[in-house]
Every structure is written in C-alpha cells, then in structure tokens.
file structure_36.pdb (PDB, C-alpha atoms, pLDDT in the B column)
ATOM      1  CA  MET N 220    -103.944 -71.395  34.438  1.00 56.00           C
ATOM      2  CA  LYS N 221    -102.948 -71.124  30.800  1.00 57.00           C
ATOM      3  CA  ILE N 222    -101.212 -68.019  29.521  1.00 59.00           C
ATOM      4  CA  PHE N 223    -100.694 -67.496  25.814  1.00 58.00           C
ATOM      5  CA  PHE N 224     -98.765 -64.808  23.987  1.00 57.00           C
ATOM      6  CA  ARG N 225     -99.214 -63.881  20.362  1.00 61.00           C
ATOM      7  CA  LYS N 226     -97.346 -61.537  18.073  1.00 60.00           C
ATOM      8  CA  ARG N 227     -98.591 -60.465  14.674  1.00 59.00           C
ATOM      9  CA  TYR N 228     -97.206 -58.165  12.047  1.00 53.00           C
ATOM     10  CA  ILE N 229     -99.607 -56.024  10.074  1.00 56.00           C
ATOM     11  CA  PRO N 230     -98.931 -53.440   7.372  1.00 58.00           C
ATOM     12  CA  LYS N 231     -97.683 -49.941   8.180  1.00 60.00           C
ATOM     13  CA  ASN N 232     -94.770 -51.302  10.240  1.00 56.00           C
ATOM     14  CA  VAL N 233     -96.990 -51.960  13.237  1.00 61.00           C
ATOM     15  CA  ILE N 234     -96.366 -54.865  15.564  1.00 59.00           C
ATOM     16  CA  THR N 235     -99.171 -55.839  17.881  1.00 65.00           C
ATOM     17  CA  LYS N 236     -98.476 -57.856  20.998  1.00 74.00           C
ATOM     18  CA  TYR N 237    -101.199 -59.225  23.177  1.00 75.00           C
ATOM     19  CA  ALA N 238    -101.776 -61.919  25.760  1.00 78.00           C
ATOM     20  CA  PHE N 239    -104.644 -63.686  27.433  1.00 77.00           C
ATOM     21  CA  ALA N 240    -105.143 -66.070  30.330  1.00 78.00           C
ATOM     22  CA  THR N 241    -108.032 -68.308  31.302  1.00 79.00           C
ATOM     23  CA  ARG N 242    -108.779 -70.390  34.346  1.00 79.00           C
ATOM     24  CA  VAL N 243    -111.475 -72.938  35.091  1.00 81.00           C
ATOM     25  CA  GLY N 244    -113.915 -71.844  37.773  1.00 78.00           C
ATOM     26  CA  PHE N 245    -113.832 -73.749  41.042  1.00 75.00           C
ATOM     27  CA  ILE N 246    -116.620 -76.105  42.082  1.00 77.00           C
ATOM     28  CA  PRO N 247    -115.646 -78.308  45.066  1.00 81.00           C
ATOM     29  CA  ASN N 248    -117.707 -81.338  43.985  1.00 83.00           C
ATOM     30  CA  ASN N 249    -116.745 -81.150  40.305  1.00 79.00           C
ATOM     31  CA  PRO N 250    -112.956 -81.275  39.764  1.00 77.00           C
ATOM     32  CA  SER N 251    -113.414 -82.046  36.041  1.00 81.00           C
ATOM     33  CA  LYS N 252    -115.345 -78.826  35.334  1.00 81.00           C
ATOM     34  CA  VAL N 253    -114.926 -77.537  31.780  1.00 83.00           C
ATOM     35  CA  ASN N 254    -113.477 -74.070  31.217  1.00 85.00           C
ATOM     36  CA  GLN N 255    -116.444 -72.105  29.880  1.00 87.00           C
ATOM     37  CA  ASP N 256    -114.567 -68.973  28.856  1.00 87.00           C
ATOM     38  CA  SER N 257    -113.638 -68.072  25.308  1.00 89.00           C
ATOM     39  CA  TYR N 258    -111.494 -65.223  24.075  1.00 87.00           C
ATOM     40  CA  ILE N 259    -111.589 -63.197  20.876  1.00 87.00           C
ATOM     41  CA  LEU N 260    -108.333 -61.993  19.323  1.00 83.00           C
ATOM     42  CA  VAL N 261    -108.689 -60.528  15.860  1.00 80.00           C
ATOM     43  CA  PRO N 262    -105.910 -58.073  15.036  1.00 75.00           C
ATOM     44  CA  GLY N 263    -106.466 -56.133  11.825  1.00 72.00           C
ATOM     45  CA  VAL N 264    -110.119 -57.212  11.599  1.00 71.00           C
ATOM     46  CA  GLU N 265    -110.554 -56.315   7.951  1.00 67.00           C
ATOM     47  CA  GLY N 266    -107.323 -54.616   7.010  1.00 64.00           C
ATOM     48  CA  PRO N 267    -107.515 -51.209   5.326  1.00 64.00           C
ATOM     49  CA  SER N 268    -111.336 -51.094   5.188  1.00 62.00           C
ATOM     50  CA  LEU N 269    -111.401 -50.701   8.987  1.00 58.00           C
ATOM     51  CA  ASN N 270    -108.101 -48.855   9.288  1.00 66.00           C
ATOM     52  CA  TYR N 271    -106.548 -51.980  10.818  1.00 67.00           C
ATOM     53  CA  LYS N 272    -108.758 -51.845  13.901  1.00 75.00           C
ATOM     54  CA  HIS N 273    -108.417 -54.717  16.348  1.00 78.00           C
ATOM     55  CA  MET N 274    -111.105 -56.703  18.107  1.00 81.00           C
ATOM     56  CA  PHE N 275    -110.440 -58.248  21.506  1.00 85.00           C
ATOM     57  CA  GLY N 276    -113.042 -59.739  23.788  1.00 88.00           C
ATOM     58  CA  VAL N 277    -113.912 -62.193  26.511  1.00 88.00           C
ATOM     59  CA  CYS N 278    -116.947 -64.461  26.440  1.00 89.00           C
ATOM     60  CA  ASP N 279    -117.722 -65.612  29.967  1.00 87.00           C
ATOM     61  CA  GLY N 280    -119.785 -68.813  29.877  1.00 87.00           C
ATOM     62  CA  HIS N 281    -122.188 -69.757  32.678  1.00 87.00           C
ATOM     63  CA  GLY N 282    -124.466 -72.722  33.322  1.00 83.00           C
ATOM     64  CA  SER N 283    -124.374 -76.276  32.041  1.00 83.00           C
ATOM     65  CA  SER N 284    -123.838 -75.196  28.403  1.00 89.00           C
ATOM     66  CA  GLY N 285    -121.811 -72.065  29.075  1.00 89.00           C
ATOM     67  CA  HIS N 286    -118.839 -73.329  27.090  1.00 89.00           C
ATOM     68  CA  LEU N 287    -121.045 -73.829  24.019  1.00 93.00           C
ATOM     69  CA  ALA N 288    -122.583 -70.360  24.318  1.00 92.00           C
ATOM     70  CA  SER N 289    -119.219 -68.620  24.700  1.00 92.00           C
ATOM     71  CA  ALA N 290    -117.729 -70.577  21.780  1.00 92.00           C
ATOM     72  CA  TYR N 291    -120.717 -69.633  19.597  1.00 93.00           C
ATOM     73  CA  ILE N 292    -120.355 -65.934  20.385  1.00 92.00           C
ATOM     74  CA  LYS N 293    -116.618 -66.136  19.703  1.00 90.00           C
ATOM     75  CA  GLU N 294    -117.199 -67.491  16.197  1.00 90.00           C
ATOM     76  CA  GLU N 295    -120.295 -65.526  15.211  1.00 91.00           C
ATOM     77  CA  LEU N 296    -119.265 -62.091  16.491  1.00 89.00           C
ATOM     78  CA  ASN N 297    -116.127 -62.175  14.363  1.00 81.00           C
ATOM     79  CA  LEU N 298    -118.174 -63.053  11.259  1.00 84.00           C
ATOM     80  CA  LEU N 299    -120.723 -60.319  11.945  1.00 85.00           C
ATOM     81  CA  VAL N 300    -118.067 -57.638  12.384  1.00 80.00           C
ATOM     82  CA  LYS N 301    -116.447 -58.650   9.108  1.00 76.00           C
ATOM     83  CA  LYS N 302    -119.815 -58.778   7.325  1.00 80.00           C
ATOM     84  CA  PHE N 303    -120.945 -55.308   8.393  1.00 76.00           C
ATOM     85  CA  ALA N 304    -117.525 -53.654   8.164  1.00 67.00           C
ATOM     86  CA  ASN N 305    -117.887 -53.080   4.455  1.00 59.00           C
TER      87      ASN N 305
END
call {"tool": "encode", "arguments": {"input": "structure_36.pdb", "output": "structure tokens"}}
result
Amino acid sequence: MKIFFRKRYIPKNVITKYAFATRVGFIPNNPSKVNQDSYILVPGVEGPSLNYKHMFGVCDGHGSSGHLASAYIKEELNLLVKKFAN
C-alpha cells in the first residue's frame, strides 16, 4: 500500500492538507496485477474564479483496461472543470 501526503499553500492564508492511499486488488493467479485506481487532487481548481474550490476524486478502474480508463478520467475531468469554470 502506498500512502502519500501533500501540502499546498493557496492565497488567503489557507493551508490545505490531504492524503490518499491506493492498493492493488488481489487476484490469486495474477501477482503482477496493475493498480487500476487513479486519484484526483486539484486544490484551488481555478483560483479566484471558483473561490478556491478544491476537487478530489477517485477513479476506480475495472477490467483488462481499467487502468487506462481511470487515467483518462483523471486527466480529462480536470480539464473539463477548468474549461467550464469560467
């Protein structure tokens, strides 16, 4: 299991602290299974235009290409939120 901690300073003297952890699912006959989960951590999505809102999420991949699907959502969702925030 991997655990990561991040700390980011944003304007208005606010400090955000957050953490996430991921773990590869268990398949008895496949010890080299790829972790298919992705996480989204975007503090201060678009600064003042969104009042420094934060976006956090988990993309839970399933199936043979689950890791690709969750990675795609991770990248695209962030871009869409920024695009339509204005």
call {"tool": "atom_distance", "arguments": {"input": "structure_36.pdb", "atom1": "CA of Asp256 in chain N", "atom2": "CA of Gly280 in chain N"}}
result
5.3 Å
call {"tool": "atom_distance", "arguments": {"input": "structure_36.pdb", "atom1": "CA of Ile259 in chain N", "atom2": "CA of Gly285 in chain N"}}
result
15.8 Å
call {"tool": "resolve_selection", "arguments": {"input": "structure_36.pdb", "expression": "the PyMOL selection byres ((chain N and resi 290) around 9)", "output": "PDB file with C-alpha atoms, keeping the file's coordinate frame"}}
result
ATOM      1  CA  GLN N 255    -116.444 -72.105  29.880  1.00 87.00           C
ATOM      2  CA  ASP N 256    -114.567 -68.973  28.856  1.00 87.00           C
ATOM      3  CA  SER N 257    -113.638 -68.072  25.308  1.00 89.00           C
ATOM      4  CA  TYR N 258    -111.494 -65.223  24.075  1.00 87.00           C
ATOM      5  CA  CYS N 278    -116.947 -64.461  26.440  1.00 89.00           C
ATOM      6  CA  GLY N 280    -119.785 -68.813  29.877  1.00 87.00           C
ATOM      7  CA  GLY N 285    -121.811 -72.065  29.075  1.00 89.00           C
ATOM      8  CA  HIS N 286    -118.839 -73.329  27.090  1.00 89.00           C
ATOM      9  CA  LEU N 287    -121.045 -73.829  24.019  1.00 93.00           C
ATOM     10  CA  ALA N 288    -122.583 -70.360  24.318  1.00 92.00           C
ATOM     11  CA  SER N 289    -119.219 -68.620  24.700  1.00 92.00           C
ATOM     12  CA  TYR N 291    -120.717 -69.633  19.597  1.00 93.00           C
ATOM     13  CA  ILE N 292    -120.355 -65.934  20.385  1.00 92.00           C
ATOM     14  CA  LYS N 293    -116.618 -66.136  19.703  1.00 90.00           C
ATOM     15  CA  GLU N 294    -117.199 -67.491  16.197  1.00 90.00           C
ATOM     16  CA  GLU N 295    -120.295 -65.526  15.211  1.00 91.00           C
TER      17      GLU N 295
END
call {"tool": "resolve_selection", "arguments": {"input": "structure_36.pdb", "expression": "the PyMOL selection byres ((chain N and resi 241-246) around 9)", "output": "compact mmCIF listing (two decimals) with C-alpha atoms, keeping the file's coordinate frame"}}
result
# COMPACT_ATOMS: atom_id res chain seq x y z
CA MET N 220 -103.94 -71.40 34.44
CA LYS N 221 -102.95 -71.12 30.80
CA ILE N 222 -101.21 -68.02 29.52
CA PHE N 239 -104.64 -63.69 27.43
CA ALA N 240 -105.14 -66.07 30.33
CA PRO N 247 -115.65 -78.31 45.07
CA ASN N 248 -117.71 -81.34 43.98
CA ASN N 249 -116.74 -81.15 40.30
CA PRO N 250 -112.96 -81.28 39.76
CA LYS N 252 -115.34 -78.83 35.33
CA VAL N 253 -114.93 -77.54 31.78
CA ASN N 254 -113.48 -74.07 31.22
CA GLN N 255 -116.44 -72.10 29.88
CA ASP N 256 -114.57 -68.97 28.86
CA SER N 257 -113.64 -68.07 25.31
CA TYR N 258 -111.49 -65.22 24.08
call {"tool": "atom_distance", "arguments": {"input": "structure_36.pdb", "atom1": "CA of Asn297 in chain N", "atom2": "CA of Gly282 in chain N"}}
result
23.2 Å
call {"tool": "closest_residue", "arguments": {"input": "structure_36.pdb", "among": "N:Lys236, N:Phe303, N:Val277, N:Ser284", "to": "Pro262 in chain N", "atoms": "only C-alpha atoms"}}
result
N:Lys236
call {"tool": "closest_residue", "arguments": {"input": "structure_36.pdb", "among": "N:Lys302, N:His281, N:Met274, N:Leu296", "to": "Leu260 in chain N", "atoms": "all atoms listed in the file"}}
result
N:Met274
